[in-house]
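Undergrad: Structure: input-v1.csv, CSV, C-alpha atoms.
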chain,number,residue,atom,x,y,z
M,1249,MET,CA,33.9,3.0,-2.3
M,1250,GLU,CA,32.6,6.4,-3.1
M,1251,TYR,CA,30.3,7.5,-5.9
M,1252,THR,CA,29.4,10.7,-7.7
M,1253,ILE,CA,25.7,11.5,-7.8
M,1254,LYS,CA,25.5,10.3,-11.4
M,1255,LYS,CA,27.2,6.9,-10.6
M,1256,LEU,CA,25.0,6.4,-7.6
M,1257,ALA,CA,21.9,7.1,-9.6
M,1258,GLN,CA,23.0,4.5,-12.2
M,1259,ILE,CA,23.6,1.7,-9.7
M,1260,ALA,CA,20.5,2.4,-7.6
M,1261,GLY,CA,18.2,2.8,-10.6
M,1262,VAL,CA,17.0,6.3,-9.5
M,1263,SER,CA,17.3,9.7,-11.2
M,1264,THR,CA,19.9,12.3,-10.2
M,1265,ARG,CA,17.0,14.6,-9.8
M,1266,ALA,CA,15.5,12.3,-7.1
M,1267,LEU,CA,18.9,12.3,-5.3
M,1268,ARG,CA,19.1,16.0,-5.4
M,1269,TYR,CA,15.6,16.3,-4.0
M,1270,TYR,CA,16.5,13.8,-1.2
M,1271,ASP,CA,19.4,16.1,-0.4
M,1272,GLU,CA,17.1,19.2,-0.4
M,1273,ILE,CA,14.6,17.7,2.0
M,1274,GLY,CA,17.2,16.4,4.3
M,1275,ILE,CA,16.6,12.7,3.8
M,1276,LEU,CA,19.9,11.8,2.1
M,1277,LYS,CA,22.8,14.2,2.3
M,1278,PRO,CA,26.0,13.4,0.4
M,1279,ALA,CA,29.1,12.5,2.5
M,1280,ARG,CA,30.9,15.6,1.0
M,1281,ILE,CA,31.1,18.0,-1.9
M,1282,ASN,CA,34.4,17.6,-3.8
M,1283,SER,CA,36.5,20.4,-5.1
M,1284,SER,CA,34.6,20.4,-8.4
M,1285,GLY,CA,31.3,20.9,-6.6
M,1286,TYR,CA,30.0,17.3,-7.1
M,1287,ARG,CA,28.1,15.5,-4.5
M,1288,ILE,CA,30.0,12.4,-3.3
M,1289,TYR,CA,28.3,9.5,-1.5
M,1290,GLY,CA,30.0,6.9,0.7
M,1291,GLN,CA,28.9,3.6,2.2
M,1292,LYS,CA,26.8,5.1,4.9
M,1293,GLU,CA,24.8,7.0,2.3
M,1294,ILE,CA,24.5,3.9,0.1
M,1295,ASP,CA,23.0,1.9,3.0
M,1296,ARG,CA,20.6,4.8,3.8
M,1297,LEU,CA,19.4,5.0,0.2
M,1298,GLN,CA,18.7,1.3,0.2
M,1299,HIS,CA,16.5,1.8,3.2
M,1300,ILE,CA,14.7,4.8,1.6
M,1301,LEU,CA,13.9,2.7,-1.5
M,1302,PHE,CA,12.6,-0.1,0.7
M,1303,TYR,CA,10.3,2.3,2.4
M,1304,ARG,CA,9.2,3.8,-0.9
M,1305,GLU,CA,8.5,0.3,-2.3
M,1306,LEU,CA,6.2,-0.2,0.7
M,1307,GLY,CA,4.4,3.1,-0.1
M,1308,VAL,CA,5.7,5.1,2.9
M,1309,GLU,CA,5.5,8.9,2.4
M,1310,LEU,CA,8.8,10.8,2.3
M,1311,ASP,CA,8.0,12.8,5.3
M,1312,ARG,CA,7.6,9.7,7.4
M,1313,ILE,CA,10.8,8.2,5.9
M,1314,ARG,CA,12.7,11.3,6.9
M,1315,GLU,CA,11.4,10.9,10.5
M,1316,PHE,CA,12.5,7.3,10.5
M,1317,VAL,CA,16.0,7.6,9.1
M,1318,ASN,CA,16.9,10.8,10.9
M,1319,ASP,CA,15.8,9.4,14.3
M,1320,PRO,CA,19.0,9.0,16.5
M,1321,ALA,CA,17.5,5.7,17.7
M,1322,TYR,CA,17.1,4.3,14.2
M,1323,ASP,CA,18.2,0.7,14.1
M,1324,CYS,CA,19.2,-0.6,10.7
M,1325,ILE,CA,18.9,-4.3,11.6
M,1326,SER,CA,15.4,-3.8,13.1
M,1327,ALA,CA,14.4,-1.7,10.1
M,1328,LEU,CA,15.6,-4.4,7.6
M,1329,GLN,CA,13.7,-7.1,9.6
M,1330,ASP,CA,10.6,-4.9,9.4
M,1331,HIS,CA,11.1,-4.4,5.7
M,1332,ARG,CA,11.3,-8.1,5.2
M,1333,GLU,CA,8.0,-8.7,7.1
M,1334,LYS,CA,6.2,-6.1,5.1
M,1335,LEU,CA,7.5,-7.4,1.8
M,1336,LEU,CA,6.4,-10.9,2.8
M,1337,GLU,CA,2.9,-9.5,3.5
M,1338,LYS,CA,3.0,-7.9,0.0
M,1339,LYS,CA,4.2,-11.2,-1.5
M,1340,ASN,CA,1.3,-13.1,0.2
M,1341,GLN,CA,-1.2,-10.5,-1.0
M,1342,LEU,CA,0.1,-10.8,-4.6
M,1343,GLU,CA,0.0,-14.6,-4.4
M,1344,GLN,CA,-3.6,-14.5,-3.2
M,1345,LEU,CA,-4.6,-12.2,-6.1
M,1346,ILE,CA,-2.8,-14.6,-8.5
M,1347,ARG,CA,-4.8,-17.5,-7.0
M,1348,THR,CA,-8.0,-15.6,-7.5
M,1349,ILE,CA,-7.1,-14.9,-11.1
M,1350,ASP,CA,-6.2,-18.5,-11.8
M,1351,LYS,CA,-9.5,-19.7,-10.2
M,1352,THR,CA,-11.4,-17.1,-12.2
M,1353,ILE,CA,-9.8,-18.3,-15.5
M,1354,ALA,CA,-10.6,-22.0,-14.5
M,1355,ALA,CA,-14.2,-21.1,-13.7
M,1356,SER,CA,-14.6,-19.1,-17.0
M,1357,GLU,CA,-13.4,-22.2,-18.9
M,1358,GLY,CA,-15.8,-24.5,-17.0
M,1359,ARG,CA,-13.1,-26.4,-15.2
M,1360,THR,CA,-14.2,-25.5,-11.7
M,1361,GLU,CA,-16.9,-23.5,-9.8
M,1362,MET,CA,-16.3,-20.2,-8.1
M,1363,THR,CA,-18.6,-18.4,-5.7
M,1364,ASP,CA,-19.2,-14.7,-5.9
M,1365,ARG,CA,-17.5,-14.3,-2.5
M,1366,GLU,CA,-14.3,-16.0,-3.7
M,1367,LYS,CA,-14.1,-13.6,-6.6
M,1368,PHE,CA,-13.4,-10.7,-4.2
M,1369,GLU,CA,-11.3,-12.4,-1.6
M,1370,GLY,CA,-8.0,-11.1,-3.0
M,1371,PHE,CA,-9.3,-7.5,-3.1
M,1372,LYS,CA,-10.7,-7.6,0.4
M,1373,GLN,CA,-7.5,-9.0,1.8
M,1374,LYS,CA,-5.6,-6.2,0.1
M,1375,ILE,CA,-7.7,-3.7,1.9
M,1376,LEU,CA,-7.0,-5.5,5.2
M,1377,ASN,CA,-3.3,-5.7,4.6
M,1378,GLU,CA,-3.0,-2.1,3.7
M,1379,ASN,CA,-5.0,-1.0,6.7
M,1380,ASP,CA,-3.0,-3.1,9.1
M,1381,ARG,CA,0.3,-2.0,7.6
M,1382,LYS,CA,-0.6,1.7,8.1
M,1383,TYR,CA,-2.7,1.7,11.3
M,1384,GLY,CA,-2.6,-1.8,12.8
M,1385,GLU,CA,-0.4,-0.9,15.8
M,1386,GLU,CA,-2.5,2.2,16.7
M,1387,ILE,CA,-6.0,0.6,16.4
M,1388,ARG,CA,-4.9,-2.5,18.3
M,1389,GLU,CA,-3.6,-0.3,21.1
M,1390,LYS,CA,-6.8,1.8,21.1
M,1391,TYR,CA,-9.5,-0.9,20.6
M,1392,GLY,CA,-7.8,-4.2,21.5
M,1393,GLU,CA,-6.7,-7.3,19.5
M,1394,GLU,CA,-10.1,-9.0,19.7
M,1395,THR,CA,-12.1,-6.1,18.4
M,1396,VAL,CA,-9.7,-5.5,15.5
M,1397,ASN,CA,-9.8,-9.2,14.6
M,1398,GLN,CA,-13.6,-9.2,14.6
M,1399,SER,CA,-13.6,-6.2,12.4
M,1400,TYR,CA,-11.2,-7.8,9.9
M,1401,ASN,CA,-13.3,-11.0,9.9
M,1402,LYS,CA,-16.4,-8.9,9.2
M,1403,LEU,CA,-14.8,-7.3,6.2
M,1404,ARG,CA,-13.4,-10.6,5.0
M,1405,ASP,CA,-16.8,-12.2,5.0
M,1406,MET,CA,-18.5,-9.5,3.0
M,1407,SER,CA,-20.6,-10.6,0.0
M,1408,GLU,CA,-20.1,-9.2,-3.5
M,1409,GLU,CA,-23.1,-6.8,-3.0
M,1410,GLN,CA,-21.8,-5.6,0.4
M,1411,TYR,CA,-18.4,-5.0,-1.2
M,1412,LYS,CA,-19.8,-2.9,-3.9
M,1413,GLU,CA,-22.0,-1.0,-1.4
M,1414,LEU,CA,-18.9,-0.3,0.7
M,1415,GLU,CA,-17.1,1.2,-2.4
M,1416,GLU,CA,-20.1,3.4,-3.3
M,1417,LEU,CA,-20.5,4.5,0.3
M,1418,THR,CA,-16.8,5.4,0.6
M,1419,ALA,CA,-17.1,7.7,-2.4
M,1420,LEU,CA,-20.4,9.2,-1.0
M,1421,VAL,CA,-18.8,10.0,2.3
M,1422,GLN,CA,-15.9,11.7,0.6
M,1423,GLU,CA,-18.1,13.8,-1.7
M,1424,THR,CA,-20.5,14.8,1.0
M,1425,LEU,CA,-17.7,15.7,3.4
M,1426,LYS,CA,-16.1,17.8,0.7
M,1427,GLN,CA,-19.4,19.7,0.1
M,1428,ALA,CA,-20.0,20.1,3.9
M,1429,PHE,CA,-16.5,21.5,4.4
M,1430,GLU,CA,-17.2,24.3,2.0
M,1431,THR,CA,-20.2,25.4,4.1
M,1432,GLY,CA,-17.8,25.8,7.1
M,1433,ASP,CA,-20.6,24.6,9.5
M,1434,PRO,CA,-19.9,21.2,11.2
M,1435,ALA,CA,-23.4,21.4,12.8
M,1436,GLY,CA,-25.1,22.0,9.4
M,1437,GLU,CA,-27.2,19.6,7.5
M,1438,LEU,CA,-24.6,18.5,5.1
M,1439,ALA,CA,-21.9,18.0,7.8
M,1440,GLN,CA,-24.3,15.9,9.9
M,1441,LYS,CA,-25.2,13.9,6.9
M,1442,ALA,CA,-21.5,13.2,6.3
M,1443,ALA,CA,-21.2,12.1,10.0
M,1444,ASP,CA,-24.1,9.8,9.6
M,1445,LEU,CA,-22.7,8.3,6.3
M,1446,HIS,CA,-19.4,7.9,8.2
M,1447,ARG,CA,-21.3,5.9,10.8
M,1448,GLN,CA,-22.8,3.7,8.1
M,1449,TRP,CA,-19.3,3.2,6.6
M,1450,LEU,CA,-18.0,2.0,10.0
M,1451,SER,CA,-20.8,-0.5,10.2
M,1452,PHE,CA,-19.1,-2.5,7.4
M,1453,SER,CA,-16.2,-3.3,9.7
M,1454,TRP,CA,-17.1,-2.6,13.3
M,1455,PRO,CA,-18.7,-5.6,15.2
M,1456,SER,CA,-21.1,-3.1,16.7
M,1457,TYR,CA,-21.5,0.7,16.7
M,1458,ASN,CA,-20.5,2.8,19.7
M,1459,SER,CA,-20.9,6.6,19.7
M,1460,GLU,CA,-18.0,7.0,22.1
M,1461,ALA,CA,-15.7,4.9,19.9
M,1462,HIS,CA,-16.9,6.9,16.9
M,1463,ALA,CA,-15.9,10.2,18.6
M,1464,GLY,CA,-12.6,8.7,19.7
M,1465,LEU,CA,-11.9,7.7,16.1
M,1466,ALA,CA,-12.7,11.2,14.9
M,1467,GLN,CA,-10.2,12.6,17.4
M,1468,MET,CA,-7.6,10.1,16.1
M,1469,TYR,CA,-8.1,11.5,12.6
M,1470,VAL,CA,-6.7,14.8,13.9
M,1471,ASP,CA,-4.1,13.5,16.3
M,1472,ASP,CA,-2.5,11.0,14.0
M,1473,GLU,CA,-0.6,12.7,11.2
M,1474,ARG,CA,-1.3,9.9,8.7
M,1475,PHE,CA,-5.0,10.2,9.0
M,1476,ARG,CA,-4.9,14.0,9.0
M,1477,VAL,CA,-2.8,14.1,5.8
M,1478,TYR,CA,-5.3,11.7,4.2
M,1479,TYR,CA,-8.3,13.8,5.0
M,1480,ASP,CA,-6.5,17.2,4.4
M,1481,LYS,CA,-4.9,16.3,1.1
M,1482,GLU,CA,-7.4,18.2,-1.0
M,1483,GLN,CA,-8.9,20.6,1.6
M,1484,PRO,CA,-6.6,21.4,4.6
M,1485,GLY,CA,-8.6,21.4,7.8
M,1486,THR,CA,-11.0,18.7,6.7
M,1487,ALA,CA,-9.9,16.3,9.4
M,1488,GLU,CA,-10.7,18.8,12.2
M,1489,PHE,CA,-14.0,19.7,10.4
M,1490,LEU,CA,-15.0,16.0,10.3
M,1491,ARG,CA,-14.0,15.6,14.0
M,1492,GLU,CA,-16.2,18.5,15.0
M,1493,ALA,CA,-19.1,17.1,12.9
M,1494,ILE,CA,-18.8,13.7,14.4
M,1495,LEU,CA,-18.5,15.1,18.0
M,1496,ILE,CA,-21.8,17.0,17.4
M,1497,TYR,CA,-23.4,14.0,15.8
M,1498,THR,CA,-22.5,11.7,18.7
M,1499,GLY,CA,-23.4,14.2,21.3
M,1500,LYS,CA,-19.8,14.3,22.6
M,1501,LYS,CA,-19.1,18.0,21.8
M,1502,GLY,CA,-18.0,19.8,24.9
For the file at hand, write its structure as structure tokens.
TA:
Amino acid sequence: MEYTIKKLAQIAGVSTRALRYYDEIGILKPARINSSGYRIYGQKEIDRLQHILFYRELGVELDRIREFVNDPAYDCISALQDHREKLLEKKNQLEQLIRTIDKTIAASEGRTEMTDREKFEGFKQKILNENDRKYGEEIREKYGEETVNQSYNKLRDMSEEQYKELEELTALVQETLKQAFETGDPAGELAQKAADLHRQWLSFSWPSYNSEAHAGLAQMYVDDERFRVYYDKEQPGTAEFLREAILIYTGKKG
């Protein structure tokens, strides 16, 4: 079975504009162009589009998807199994949020009691799931299974006040880092303040602080494209600037 771009857009629930863009960036090329100049898609392209949409549903960036599907070693079966595992994680996360909502309603109606910690369990688990989905493999390889599990448990056991403090500190780190970057001096007062705030931010999840591990994490922000894209999204070069500031802060520079 072959489809024109219009027909494929209809059955897949995407726009023809999206399909043209996928063609442009090399993520989904049509099987051929017919004599009338229309893009024609075959079964291979149908299957690839399904995989692309699975990845998009899981929040994977298009650049990463392109790397995956264009890899000669790409295994469709393994990819589908991975999609399934990730979707189950998402399902469990949503179910936990629903349980939190149901218990909140019951507590509001006086049918049960709910601790402050329980009110935030679903949100904290979402943070953990997202972090593990994006970086779980790398941080386990770098720091070990036990350290990562201890970190997750520490986040999971946060009180309401600690959770709010973490959110406020996250925003403060980002704003201070933005201002420091504009000075261009990683050894300056603002940059070193950003590095110290980053250390405080880590204390919410790390079992204990270690300057060498802090410096290693800063290097990973530069080496790992996903971290680098996150920090560089507004100001290109921020990841390297933060690394330099942290290396100076931890005394690991040079």
Undergrad: If I take CA of Ala1461 (chain M) and CA of Thr1498 (chain M), how far is one from the other in Å, to one decimal?
TA: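 CA of Ala1461 (chain M) sits 9.7 Å away from CA of Thr1498 (chain M).
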Undergrad: Identify which of the residues M:Ala1428, M:Ile1300, M:Ile1346, M:Leu1495 lies closest to Lys1441 (chain M), counting all atoms listed in the file when measuring atom-to-atom distances.
TA: M:Ala1428
Undergrad: Need the shell around Lys1292 (chain M): protein/DNA/RNA residues with any atom at most 12 Å away, counting only C-alpha atoms. Skip same-chain ones fewer than 6 positions apart. Format as a list in words?
TA: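 Counting only C-alpha atoms, the residues come to Met1249, Glu1250, Tyr1251, Leu1276, Lys1277, Pro1278, Ala1279, Arg1280, Gln1298, His1299, Val1317 and Cys1324 of chain M.
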Undergrad: Using only C-alpha atoms, please write the residues we just selected to a file, as a short mmCIF file (atom, residue, chain, number, x, y, z; two decimals), in the frame of the given file.
TA:
data_model
loop_
_atom_site.label_atom_id
_atom_site.label_comp_id
_atom_site.auth_asym_id
_atom_site.auth_seq_id
_atom_site.Cartn_x
_atom_site.Cartn_y
_atom_site.Cartn_z
CA MET M 1249 33.90 3.00 -2.30
CA GLU M 1250 32.60 6.40 -3.10
CA TYR M 1251 30.30 7.50 -5.90
CA LEU M 1276 19.90 11.80 2.10
CA LYS M 1277 22.80 14.20 2.30
CA PRO M 1278 26.00 13.40 0.40
CA ALA M 1279 29.10 12.50 2.50
CA ARG M 1280 30.90 15.60 1.00
CA GLN M 1298 18.70 1.30 0.20
CA HIS M 1299 16.50 1.80 3.20
CA VAL M 1317 16.00 7.60 9.10
CA CYS M 1324 19.20 -0.60 10.70
#
Undergrad: Record the distance separating CA of Tyr1289 (chain M) and CA of Val1262 (chain M), expressed in Å with one decimal.
TA: 14.2 Å
Undergrad: Hey, which of M:Asp1311, M:Asp1330, M:Asp1323, M:Glu1416 ends up closest to Arg1474 (chain M)? Count all atoms listed in the file.
TA: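 For Arg1474 (chain M), the nearest of the candidates is M:Asp1311.
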Undergrad: Which is closest to Ala1487 (chain M) among M:Trp1454, M:Phe1429, M:Tyr1322, M:Trp1449, if we use all atoms listed in the file?
TA: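 Of M:Trp1454, M:Phe1429, M:Tyr1322, M:Trp1449, the one nearest Ala1487 (chain M), counting all atoms listed in the file, is M:Phe1429.
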Undergrad: Tell me, in Å to one decimal, how far CA of Ala1327 (chain M) is from CA of Asp1295 (chain M).
TA: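 It comes out at 11.7 Å.
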